[in-house]
>>> print(open('entry38.pdb').read())   # PDB, C-alpha atoms
MODEL        1
ATOM      1  CA  MET A   3     -45.326 -12.471 -32.776
ATOM      2  CA  ASN A   4     -43.577 -12.352 -29.420
ATOM      3  CA  GLN A   5     -40.080 -13.757 -29.163
ATOM      4  CA  PRO A   6     -39.989 -17.010 -27.120
ATOM      5  CA  ALA A   7     -38.736 -16.602 -23.575
ATOM      6  CA  PHE A   8     -35.786 -18.957 -24.080
ATOM      7  CA  ASP A   9     -34.617 -16.837 -27.040
ATOM      8  CA  LEU A  10     -34.763 -13.710 -24.908
ATOM      9  CA  VAL A  11     -32.661 -15.387 -22.230
ATOM     10  CA  ALA A  12     -30.137 -16.688 -24.772
ATOM     11  CA  ASP A  13     -29.842 -13.243 -26.365
ATOM     12  CA  ARG A  14     -29.325 -11.663 -22.962
ATOM     13  CA  HIS A  15     -26.672 -14.233 -22.072
ATOM     14  CA  ARG A  16     -24.831 -13.517 -25.318
ATOM     15  CA  ARG A  17     -24.925  -9.789 -24.617
ATOM     16  CA  ILE A  18     -23.664 -10.289 -21.049
ATOM     17  CA  LEU A  19     -20.746 -12.354 -22.339
ATOM     18  CA  GLU A  20     -19.910  -9.722 -24.969
ATOM     19  CA  LEU A  21     -19.864  -6.969 -22.343
ATOM     20  CA  ALA A  22     -17.808  -9.086 -19.926
ATOM     21  CA  ARG A  23     -15.199  -9.894 -22.556
ATOM     22  CA  GLN A  24     -14.828  -6.224 -23.454
ATOM     23  CA  THR A  25     -13.930  -5.127 -19.918
ATOM     24  CA  GLY A  26     -13.040  -8.325 -18.049
ATOM     25  CA  SER A  27     -15.834  -7.914 -15.502
ATOM     26  CA  VAL A  28     -19.494  -6.927 -15.206
ATOM     27  CA  SER A  29     -21.673  -5.724 -12.340
ATOM     28  CA  VAL A  30     -25.266  -6.673 -11.583
ATOM     29  CA  GLU A  31     -26.481  -3.078 -11.340
ATOM     30  CA  ALA A  32     -24.832  -1.913 -14.575
ATOM     31  CA  LEU A  33     -26.134  -4.915 -16.517
ATOM     32  CA  ALA A  34     -29.641  -4.461 -15.170
ATOM     33  CA  ALA A  35     -29.673  -0.819 -16.293
ATOM     34  CA  GLN A  36     -28.116  -1.549 -19.669
ATOM     35  CA  LEU A  37     -30.310  -4.542 -20.530
ATOM     36  CA  GLY A  38     -33.524  -3.201 -19.050
ATOM     37  CA  VAL A  39     -34.230  -6.034 -16.628
ATOM     38  CA  THR A  40     -34.233  -6.398 -12.849
ATOM     39  CA  PRO A  41     -31.110  -7.067 -10.791
ATOM     40  CA  GLN A  42     -32.700 -10.382  -9.746
ATOM     41  CA  THR A  43     -32.878 -11.441 -13.402
ATOM     42  CA  ILE A  44     -29.227 -10.514 -13.944
ATOM     43  CA  ARG A  45     -28.175 -12.459 -10.840
ATOM     44  CA  LYS A  46     -29.923 -15.541 -12.219
ATOM     45  CA  ASP A  47     -28.266 -14.989 -15.611
ATOM     46  CA  LEU A  48     -24.823 -14.719 -14.017
ATOM     47  CA  ASN A  49     -25.420 -17.808 -11.899
ATOM     48  CA  ASP A  50     -26.489 -19.723 -15.023
ATOM     49  CA  LEU A  51     -23.384 -18.602 -16.925
ATOM     50  CA  ALA A  52     -21.138 -19.434 -13.971
ATOM     51  CA  ALA A  53     -22.679 -22.921 -13.752
ATOM     52  CA  ARG A  54     -21.692 -23.404 -17.411
ATOM     53  CA  ALA A  55     -18.119 -22.179 -16.613
ATOM     54  CA  MET A  56     -18.512 -19.201 -18.955
ATOM     55  CA  LEU A  57     -18.019 -16.622 -16.195
ATOM     56  CA  SER A  58     -16.808 -16.710 -12.611
ATOM     57  CA  ARG A  59     -19.248 -15.253 -10.100
ATOM     58  CA  VAL A  60     -17.995 -12.633  -7.637
ATOM     59  CA  HIS A  61     -19.886 -10.452  -5.187
ATOM     60  CA  GLY A  62     -21.901  -7.896  -7.120
ATOM     61  CA  GLY A  63     -21.158  -9.314 -10.556
ATOM     62  CA  ALA A  64     -18.874 -11.675 -12.470
ATOM     63  CA  VAL A  65     -15.437 -11.843 -14.097
ATOM     64  CA  VAL A  66     -14.229 -13.537 -17.247
ATOM     65  CA  THR A  67     -11.992 -16.356 -16.155
ATOM     66  CA  SER A  68     -11.790 -20.059 -15.581
ATOM     67  CA  GLY A  69     -10.383 -22.097 -12.756
ATOM     68  CA  VAL A  70      -7.224 -22.974 -14.692
ATOM     69  CA  GLY A  71      -6.267 -19.912 -16.725
ATOM     70  CA  ASN A  72      -5.939 -16.241 -15.918
ATOM     71  CA  LEU A  73      -7.004 -13.250 -17.990
ATOM     72  CA  ASP A  74      -4.415 -11.527 -20.167
ATOM     73  CA  HIS A  75      -2.530  -8.591 -18.659
ATOM     74  CA  ALA A  76      -4.392  -5.843 -20.543
ATOM     75  CA  THR A  77      -7.784  -7.229 -19.545
ATOM     76  CA  ARG A  78      -6.717  -7.638 -15.914
ATOM     77  CA  ALA A  79      -5.494  -4.046 -15.865
ATOM     78  CA  ALA A  80      -8.952  -2.878 -16.978
ATOM     79  CA  VAL A  81     -10.821  -4.858 -14.312
ATOM     80  CA  ALA A  82     -11.625  -2.660 -11.276
ATOM     81  CA  ALA A  83      -9.081  -0.054 -12.406
ATOM     82  CA  GLU A  84     -10.397   2.664 -10.090
ATOM     83  CA  ALA A  85     -10.475   0.296  -7.130
ATOM     84  CA  LYS A  86      -6.898  -0.781  -7.853
ATOM     85  CA  ALA A  87      -5.723   2.842  -7.922
ATOM     86  CA  ALA A  88      -7.277   3.448  -4.483
ATOM     87  CA  ILE A  89      -5.819   0.198  -3.160
ATOM     88  CA  GLY A  90      -2.415   1.167  -4.548
ATOM     89  CA  ALA A  91      -2.506   4.523  -2.767
ATOM     90  CA  ALA A  92      -3.553   2.941   0.540
ATOM     91  CA  ALA A  93      -0.863   0.263   0.349
ATOM     92  CA  ALA A  94       1.807   2.827  -0.542
ATOM     93  CA  GLY A  95       0.815   4.696   2.613
ATOM     94  CA  LEU A  96       1.989   1.722   4.681
ATOM     95  CA  VAL A  97       5.533   2.001   3.306
ATOM     96  CA  PRO A  98       7.659   4.758   4.887
ATOM     97  CA  ASP A  99      10.396   6.655   3.090
ATOM     98  CA  GLY A 100      13.742   4.930   3.457
ATOM     99  CA  ALA A 101      12.226   1.423   3.340
ATOM    100  CA  SER A 102      13.278  -1.569   1.269
ATOM    101  CA  LEU A 103      10.603  -3.644  -0.420
ATOM    102  CA  PHE A 104       9.752  -6.323  -2.923
ATOM    103  CA  VAL A 105       7.041  -5.531  -5.457
ATOM    104  CA  ASN A 106       5.674  -8.654  -7.084
ATOM    105  CA  ILE A 107       3.781  -9.465 -10.275
ATOM    106  CA  GLY A 108       0.295  -8.108 -10.883
ATOM    107  CA  THR A 109      -1.745  -5.156 -12.063
ATOM    108  CA  THR A 110      -2.636  -4.181  -8.482
ATOM    109  CA  THR A 111       1.001  -4.241  -7.379
ATOM    110  CA  GLU A 112       1.695  -2.004 -10.385
ATOM    111  CA  ALA A 113      -0.897   0.410  -8.971
ATOM    112  CA  VAL A 114       1.114   0.441  -5.737
ATOM    113  CA  ALA A 115       4.260   1.237  -7.735
ATOM    114  CA  ARG A 116       2.529   4.196  -9.380
ATOM    115  CA  ALA A 117       1.572   5.478  -5.922
ATOM    116  CA  LEU A 118       5.220   5.260  -4.798
ATOM    117  CA  THR A 119       6.643   7.455  -7.556
ATOM    118  CA  GLY A 120       7.034  10.548  -5.382
ATOM    119  CA  ARG A 121       8.712   8.811  -2.448
ATOM    120  CA  ARG A 122      12.263   9.219  -1.164
ATOM    121  CA  GLU A 123      15.102   6.793  -0.468
ATOM    122  CA  LEU A 124      13.188   3.649  -1.374
ATOM    123  CA  LEU A 125      14.933   0.462  -2.450
ATOM    124  CA  VAL A 126      12.601  -1.600  -4.649
ATOM    125  CA  ILE A 127      13.429  -5.146  -5.738
ATOM    126  CA  THR A 128      11.012  -6.479  -8.310
ATOM    127  CA  ASN A 129      10.420  -9.331 -10.718
ATOM    128  CA  ASN A 130       7.892  -7.204 -12.625
ATOM    129  CA  LEU A 131       9.369  -5.295 -15.567
ATOM    130  CA  ASN A 132       6.294  -3.050 -15.673
ATOM    131  CA  VAL A 133       7.236  -1.902 -12.166
ATOM    132  CA  VAL A 134      10.788  -1.250 -13.385
ATOM    133  CA  ASP A 135       9.372   1.029 -16.091
ATOM    134  CA  ILE A 136       7.206   2.867 -13.541
ATOM    135  CA  LEU A 137       9.830   3.441 -10.846
ATOM    136  CA  ALA A 138      13.293   3.350 -12.434
ATOM    137  CA  PRO A 139      13.082   6.896 -13.908
ATOM    138  CA  ARG A 140      12.058   8.402 -10.539
ATOM    139  CA  ASP A 141      14.459  10.293  -8.319
ATOM    140  CA  GLY A 142      14.517   8.896  -4.796
ATOM    141  CA  VAL A 143      13.768   5.312  -5.806
ATOM    142  CA  GLU A 144      16.496   2.778  -6.473
ATOM    143  CA  VAL A 145      15.228  -0.206  -8.457
ATOM    144  CA  ILE A 146      16.833  -3.643  -8.673
ATOM    145  CA  ALA A 147      15.333  -6.038 -11.225
ATOM    146  CA  ALA A 148      15.375  -9.774 -10.663
ATOM    147  CA  GLY A 149      17.078 -11.886 -13.295
ATOM    148  CA  GLY A 150      15.554 -14.903 -14.976
ATOM    149  CA  ARG A 151      13.076 -15.955 -17.638
ATOM    150  CA  VAL A 152      10.742 -13.171 -18.762
ATOM    151  CA  ARG A 153       7.147 -14.249 -19.339
ATOM    152  CA  ALA A 154       6.079 -12.410 -22.489
ATOM    153  CA  SER A 155       2.380 -12.175 -21.588
ATOM    154  CA  ASP A 156       2.913  -9.784 -18.659
ATOM    155  CA  ARG A 157       6.693  -9.103 -18.501
ATOM    156  CA  ALA A 158       7.051 -11.049 -15.274
ATOM    157  CA  VAL A 159      10.386 -12.621 -14.331
ATOM    158  CA  VAL A 160       9.756 -16.130 -13.023
ATOM    159  CA  GLY A 161      11.553 -19.401 -12.441
ATOM    160  CA  ALA A 162      14.490 -20.726 -10.436
ATOM    161  CA  LEU A 163      16.875 -17.882 -11.315
ATOM    162  CA  ALA A 164      14.417 -15.300 -10.013
ATOM    163  CA  MET A 165      13.958 -17.267  -6.794
ATOM    164  CA  ASP A 166      17.716 -17.532  -6.255
ATOM    165  CA  PHE A 167      18.051 -13.786  -6.821
ATOM    166  CA  ILE A 168      15.307 -12.924  -4.319
ATOM    167  CA  ARG A 169      16.923 -15.125  -1.648
ATOM    168  CA  GLY A 170      19.832 -12.690  -1.627
ATOM    169  CA  PHE A 171      17.711 -10.015   0.077
ATOM    170  CA  ARG A 172      15.876  -9.449   3.339
ATOM    171  CA  VAL A 173      13.570  -6.458   2.971
ATOM    172  CA  ASP A 174      11.234  -4.460   5.180
ATOM    173  CA  TYR A 175       8.073  -5.001   3.128
ATOM    174  CA  ALA A 176       6.759  -7.251   0.392
ATOM    175  CA  VAL A 177       3.888  -6.043  -1.777
ATOM    176  CA  ILE A 178       2.235  -9.048  -3.380
ATOM    177  CA  GLY A 179      -0.915  -9.859  -5.298
ATOM    178  CA  ALA A 180      -3.028 -12.972  -5.699
ATOM    179  CA  SER A 181      -5.321 -14.045  -8.495
ATOM    180  CA  ALA A 182      -7.859 -15.530  -6.085
ATOM    181  CA  ILE A 183      -8.633 -15.587  -2.366
ATOM    182  CA  ASP A 184     -10.831 -18.217  -0.748
ATOM    183  CA  ALA A 185     -13.223 -17.024   1.934
ATOM    184  CA  ASP A 186     -11.121 -18.969   4.477
ATOM    185  CA  GLY A 187      -8.114 -16.815   3.572
ATOM    186  CA  THR A 188      -6.219 -19.184   1.275
ATOM    187  CA  LEU A 189      -4.270 -17.202  -1.334
ATOM    188  CA  LEU A 190      -4.306 -18.766  -4.814
ATOM    189  CA  ASP A 191      -2.849 -18.252  -8.263
ATOM    190  CA  PHE A 192      -2.704 -19.898 -11.686
ATOM    191  CA  ASP A 193       0.991 -20.460 -12.435
ATOM    192  CA  VAL A 194       3.203 -22.754 -10.357
ATOM    193  CA  GLU A 195       6.407 -20.853 -11.175
ATOM    194  CA  GLU A 196       4.792 -17.541 -10.252
ATOM    195  CA  VAL A 197       3.562 -19.017  -6.976
ATOM    196  CA  ARG A 198       7.022 -20.288  -6.055
ATOM    197  CA  VAL A 199       8.453 -16.805  -6.608
ATOM    198  CA  SER A 200       5.672 -15.325  -4.438
ATOM    199  CA  GLN A 201       6.425 -17.816  -1.681
ATOM    200  CA  THR A 202      10.122 -16.878  -1.810
ATOM    201  CA  ILE A 203       9.259 -13.190  -1.586
ATOM    202  CA  ILE A 204       7.016 -13.796   1.442
ATOM    203  CA  ALA A 205       9.802 -15.744   3.170
ATOM    204  CA  HIS A 206      12.305 -12.890   2.728
ATOM    205  CA  ALA A 207      10.267  -9.921   3.922
ATOM    206  CA  ARG A 208       9.655  -8.688   7.460
ATOM    207  CA  LYS A 209       6.113  -7.501   6.675
ATOM    208  CA  VAL A 210       3.847  -8.697   3.848
ATOM    209  CA  ILE A 211       1.181  -6.501   2.252
ATOM    210  CA  LEU A 212      -1.372  -8.293   0.084
ATOM    211  CA  VAL A 213      -3.180  -6.036  -2.398
ATOM    212  CA  ALA A 214      -6.296  -7.434  -4.070
ATOM    213  CA  ASP A 215      -9.600  -5.970  -5.198
ATOM    214  CA  ALA A 216     -12.816  -7.672  -4.126
ATOM    215  CA  SER A 217     -13.311  -9.447  -7.468
ATOM    216  CA  LYS A 218     -10.547 -11.843  -6.355
ATOM    217  CA  ILE A 219     -12.555 -13.017  -3.319
ATOM    218  CA  GLY A 220     -14.246 -16.337  -3.996
ATOM    219  CA  ARG A 221     -12.632 -16.679  -7.430
ATOM    220  CA  ALA A 222     -11.230 -20.054  -8.493
ATOM    221  CA  ALA A 223      -7.518 -20.710  -9.085
ATOM    222  CA  PRO A 224      -5.674 -24.026  -8.734
ATOM    223  CA  VAL A 225      -2.327 -23.269  -7.041
ATOM    224  CA  ARG A 226      -1.980 -22.387  -3.354
ATOM    225  CA  ILE A 227       0.382 -19.550  -2.429
ATOM    226  CA  ALA A 228      -0.135 -19.498   1.342
ATOM    227  CA  GLY A 229      -2.700 -19.096   4.071
ATOM    228  CA  VAL A 230      -3.815 -15.681   5.235
ATOM    229  CA  ASP A 231      -1.553 -16.058   8.274
ATOM    230  CA  ALA A 232       1.436 -15.495   5.952
ATOM    231  CA  ILE A 233       0.509 -11.823   5.464
ATOM    232  CA  ASP A 234       0.406  -8.820   7.772
ATOM    233  CA  TYR A 235      -1.893  -6.490   5.835
ATOM    234  CA  LEU A 236      -4.719  -7.004   3.364
ATOM    235  CA  VAL A 237      -5.546  -3.887   1.357
ATOM    236  CA  THR A 238      -8.760  -4.218  -0.647
ATOM    237  CA  ASP A 239     -11.775  -2.167  -1.662
ATOM    238  CA  TRP A 240     -14.155  -4.224   0.492
ATOM    239  CA  ILE A 241     -14.195  -7.589   2.192
ATOM    240  CA  VAL A 242     -16.764 -10.338   2.773
ATOM    241  CA  PRO A 243     -17.541 -11.300   6.405
ATOM    242  CA  ALA A 244     -16.001 -14.781   6.235
ATOM    243  CA  LEU A 245     -12.666 -13.462   4.980
ATOM    244  CA  ALA A 246     -12.760 -10.618   7.503
ATOM    245  CA  ALA A 247     -13.197 -13.198  10.271
ATOM    246  CA  ALA A 248     -10.267 -15.266   8.944
ATOM    247  CA  CYS A 249      -8.101 -12.132   8.913
ATOM    248  CA  ARG A 250      -9.051 -11.242  12.487
ATOM    249  CA  GLU A 251      -8.208 -14.759  13.657
ATOM    250  CA  ALA A 252      -4.817 -14.606  11.920
ATOM    251  CA  GLY A 253      -4.028 -11.104  13.205
ATOM    252  CA  VAL A 254      -4.054  -9.571   9.731
ATOM    253  CA  ALA A 255      -4.790  -5.828   9.549
ATOM    254  CA  VAL A 256      -7.455  -5.124   6.915
ATOM    255  CA  ILE A 257      -7.643  -1.805   5.086
ATOM    256  CA  GLU A 258     -10.803  -1.251   3.025
ATOM    257  CA  THR A 259     -10.727   1.648   0.573
ATOM    258  CA  ASP A 260     -14.447   1.457  -0.268
ATOM    259  CA  PRO A 261     -16.190  -0.464   2.532
ATOM    260  CA  ALA A 262     -19.670   0.740   1.512
TER     261      ALA A 262
ENDMDL
END
>>> encode(input="entry38.pdb", output="structure tokens")
Amino acid sequence: MNQPAFDLVADRHRRILELARQTGSVSVEALAAQLGVTPQTIRKDLNDLAARAMLSRVHGGAVVTSGVGNLDHATRAAVAAEAKAAIGAAAAGLVPDGASLFVNIGTTTEAVARALTGRRELLVITNNLNVVDILAPRDGVEVIAAGGRVRASDRAVVGALAMDFIRGFRVDYAVIGASAIDADGTLLDFDVEEVRVSQTIIAHARKVILVADASKIGRAAPVRIAGVDAIDYLVTDWIVPALAAACREAGVAVIETDPA
């Protein structure tokens, strides 16, 4: 006896959710190959799951998240890891030796820090203790850690003390991340305290480099950081046309590491 169609769909949805929760994200092509169905079927599955708020749809696939809570740090680090490494290298290439910079919270900003490990005469101010671990042992990089409350989930230093500390500097570059980017260029995140620190960093840097992989584009998050006009560079793996147009209008230089 053949299995009813609705059971097949439900089983496929359960498998998609299992795979997404293991890695934090899934792609249409990989799911189609793994589950033995067409990409069109997978797109419909992902749209159905997104409509039920079980996944968030992004170009080419979906991510595990909601509009009010972010993924844990380990899961975020696994999402688009190769893309983040390429983005980190490209962003690091914008920072010359001898520069001063903020490096903010986020797994993509941590990829930038890893790409800066061989540099000379850098001054790095950060509220990310993972960045401290990456850069503090390196010759040629002086690291200053912001003081304040440490968020246990990702070792980020947030709150009023961190903001007051950051106001004591004026640096050449800020390297920041965002949990979500609207197609109109609005930068978004999940935590109000984290956003306030990001806004303070932006205000105290001469040039702002936003690093974000394409899974962040079109994702939902409730707290506004800034408009795209607050940044000078967007470094990503690829960009959708609407966001590219918003960047052109705002004079933001876009660097795509994998435009295909």
>>> resolve_selection(input="entry38.pdb", expression="the PyMOL selection byres ((chain A and resi 115) around 8)", output="JSON, numbers by chain")
{"A": [90, 94, 105, 111, 112, 113, 114, 116, 117, 118, 119, 133, 136, 137]}
>>> resolve_selection(input="entry38.pdb", expression="the PyMOL selection byres ((chain A and resi 184-189) around 8)", output="PyMOL selection string")
chain A and resi 180-183+190-191+219-222+226-230+242+244-245+248-249
>>> axis_aligned_box(input="entry38.pdb", around="region 224-242 of chain A", padding_each_side="3 Å", output="JSON")
{"center_x": -7.7, "center_y": -13.1, "center_z": -0.2, "size_x": 24.2, "size_y": 27.9, "size_z": 23.0}
>>> atom_distance(input="entry38.pdb", atom1="CA of Gly63 (chain A)", atom2="CA of Val225 (chain A)")
23.7 Å
>>> residues_around(input="entry38.pdb", residues="Val210 (chain A)", least_positions_apart="4", cutoff="12 Å", atoms="only C-alpha atoms", output="number ranges by chain")
A: 93, 96-97, 103-106, 173-179, 200-206, 228, 230-237, 254-255
>>> closest_residue(input="entry38.pdb", among="A:Ala101, A:Ile107, A:Leu163, A:Ala247", to="Gly150 (chain A)", atoms="all atoms listed in the file")
A:Leu163
>>> residues_near_point(input="entry38.pdb", point="(8.4, -12.4, -19.8)", cutoff="12 Å", atoms="only C-alpha atoms", output="PyMOL selection string")
chain A and resi 75+107+129-132+148-161+164+196
>>> write_last_selection(input="entry38.pdb", atoms="C-alpha atoms", output="mmCIF file, keeping the file's coordinate frame")
data_model
loop_
_atom_site.group_PDB
_atom_site.id
_atom_site.type_symbol
_atom_site.label_atom_id
_atom_site.label_comp_id
_atom_site.auth_asym_id
_atom_site.auth_seq_id
_atom_site.Cartn_x
_atom_site.Cartn_y
_atom_site.Cartn_z
ATOM 1 C CA HIS A 75 -2.530 -8.591 -18.659
ATOM 2 C CA ILE A 107 3.781 -9.465 -10.275
ATOM 3 C CA ASN A 129 10.420 -9.331 -10.718
ATOM 4 C CA ASN A 130 7.892 -7.204 -12.625
ATOM 5 C CA LEU A 131 9.369 -5.295 -15.567
ATOM 6 C CA ASN A 132 6.294 -3.050 -15.673
ATOM 7 C CA ALA A 148 15.375 -9.774 -10.663
ATOM 8 C CA GLY A 149 17.078 -11.886 -13.295
ATOM 9 C CA GLY A 150 15.554 -14.903 -14.976
ATOM 10 C CA ARG A 151 13.076 -15.955 -17.638
ATOM 11 C CA VAL A 152 10.742 -13.171 -18.762
ATOM 12 C CA ARG A 153 7.147 -14.249 -19.339
ATOM 13 C CA ALA A 154 6.079 -12.410 -22.489
ATOM 14 C CA SER A 155 2.380 -12.175 -21.588
ATOM 15 C CA ASP A 156 2.913 -9.784 -18.659
ATOM 16 C CA ARG A 157 6.693 -9.103 -18.501
ATOM 17 C CA ALA A 158 7.051 -11.049 -15.274
ATOM 18 C CA VAL A 159 10.386 -12.621 -14.331
ATOM 19 C CA VAL A 160 9.756 -16.130 -13.023
ATOM 20 C CA GLY A 161 11.553 -19.401 -12.441
ATOM 21 C CA ALA A 164 14.417 -15.300 -10.013
ATOM 22 C CA GLU A 196 4.792 -17.541 -10.252
#
>>> atom_distance(input="entry38.pdb", atom1="CA of Leu33 (chain A)", atom2="CA of Val65 (chain A)")
13.0 Å
>>> residues_around(input="entry38.pdb", residues="Pro41 (chain A)", least_positions_apart="2", cutoff="10 Å", atoms="all atoms listed in the file", output="JSON, numbers by chain")
{"A": [29, 30, 31, 32, 33, 34, 35, 38, 39, 43, 44, 45, 46, 47, 62]}
>>> residues_around(input="entry38.pdb", residues="Leu19 (chain A)", least_positions_apart="3", cutoff="8 Å", atoms="only C-alpha atoms", output="PyMOL selection string")
chain A and resi 15-16+22-23+56-57
>>> atom_distance(input="entry38.pdb", atom1="CA of Val199 (chain A)", atom2="CA of Met165 (chain A)")
5.5 Å
>>> closest_residue(input="entry38.pdb", among="A:Ala216, A:Val134, A:Val143, A:Ala223", to="Arg121 (chain A)", atoms="only C-alpha atoms")
A:Val143
>>> decode(input="entry38.pdb", residues="region 141-186 of chain A", atoms="C-alpha atoms", output="PDB file, in the first residue's frame")
ATOM      1  CA  ASP A 141      52.950  39.661  17.720  1.00  0.00           C
ATOM      2  CA  GLY A 142      52.184  42.929  15.960  1.00  0.00           C
ATOM      3  CA  VAL A 143      48.643  43.248  17.297  1.00  0.00           C
ATOM      4  CA  GLU A 144      47.830  45.170  20.452  1.00  0.00           C
ATOM      5  CA  VAL A 145      44.423  44.243  21.859  1.00  0.00           C
ATOM      6  CA  ILE A 146      42.313  46.303  24.255  1.00  0.00           C
ATOM      7  CA  ALA A 147      39.223  44.587  25.670  1.00  0.00           C
ATOM      8  CA  ALA A 148      36.137  46.562  26.591  1.00  0.00           C
ATOM      9  CA  GLY A 149      34.935  46.301  30.165  1.00  0.00           C
ATOM     10  CA  GLY A 150      31.401  45.486  31.213  1.00  0.00           C
ATOM     11  CA  ARG A 151      28.932  42.639  31.576  1.00  0.00           C
ATOM     12  CA  VAL A 152      29.963  39.460  29.761  1.00  0.00           C
ATOM     13  CA  ARG A 153      27.124  37.633  28.023  1.00  0.00           C
ATOM     14  CA  ALA A 154      27.785  33.952  28.699  1.00  0.00           C
ATOM     15  CA  SER A 155      26.169  32.653  25.497  1.00  0.00           C
ATOM     16  CA  ASP A 156      28.798  34.164  23.175  1.00  0.00           C
ATOM     17  CA  ARG A 157      31.349  35.930  25.444  1.00  0.00           C
ATOM     18  CA  ALA A 158      30.239  39.353  24.265  1.00  0.00           C
ATOM     19  CA  VAL A 159      30.735  42.408  26.478  1.00  0.00           C
ATOM     20  CA  VAL A 160      27.575  44.513  26.379  1.00  0.00           C
ATOM     21  CA  GLY A 161      25.794  47.206  28.337  1.00  0.00           C
ATOM     22  CA  ALA A 162      26.410  50.763  29.510  1.00  0.00           C
ATOM     23  CA  LEU A 163      29.960  50.149  30.762  1.00  0.00           C
ATOM     24  CA  ALA A 164      31.023  48.826  27.367  1.00  0.00           C
ATOM     25  CA  MET A 165      29.472  51.835  25.639  1.00  0.00           C
ATOM     26  CA  ASP A 166      31.251  54.265  27.964  1.00  0.00           C
ATOM     27  CA  PHE A 167      34.540  52.475  27.303  1.00  0.00           C
ATOM     28  CA  ILE A 168      34.129  52.618  23.516  1.00  0.00           C
ATOM     29  CA  ARG A 169      33.392  56.365  23.645  1.00  0.00           C
ATOM     30  CA  GLY A 170      36.965  56.866  24.815  1.00  0.00           C
ATOM     31  CA  PHE A 171      38.326  55.982  21.361  1.00  0.00           C
ATOM     32  CA  ARG A 172      38.216  57.284  17.810  1.00  0.00           C
ATOM     33  CA  VAL A 173      39.522  54.608  15.457  1.00  0.00           C
ATOM     34  CA  ASP A 174      40.252  54.272  11.758  1.00  0.00           C
ATOM     35  CA  TYR A 175      37.931  51.330  11.088  1.00  0.00           C
ATOM     36  CA  ALA A 176      35.040  49.510  12.701  1.00  0.00           C
ATOM     37  CA  VAL A 177      34.340  45.911  11.718  1.00  0.00           C
ATOM     38  CA  ILE A 178      30.758  45.084  12.622  1.00  0.00           C
ATOM     39  CA  GLY A 179      28.228  42.359  11.964  1.00  0.00           C
ATOM     40  CA  ALA A 180      24.448  42.253  11.814  1.00  0.00           C
ATOM     41  CA  SER A 181      22.043  39.406  12.398  1.00  0.00           C
ATOM     42  CA  ALA A 182      19.736  40.545   9.598  1.00  0.00           C
ATOM     43  CA  ILE A 183      19.697  42.990   6.690  1.00  0.00           C
ATOM     44  CA  ASP A 184      16.507  44.172   5.020  1.00  0.00           C
ATOM     45  CA  ALA A 185      16.577  44.495   1.248  1.00  0.00           C
ATOM     46  CA  ASP A 186      16.296  48.287   1.708  1.00  0.00           C
TER      47      ASP A 186
END
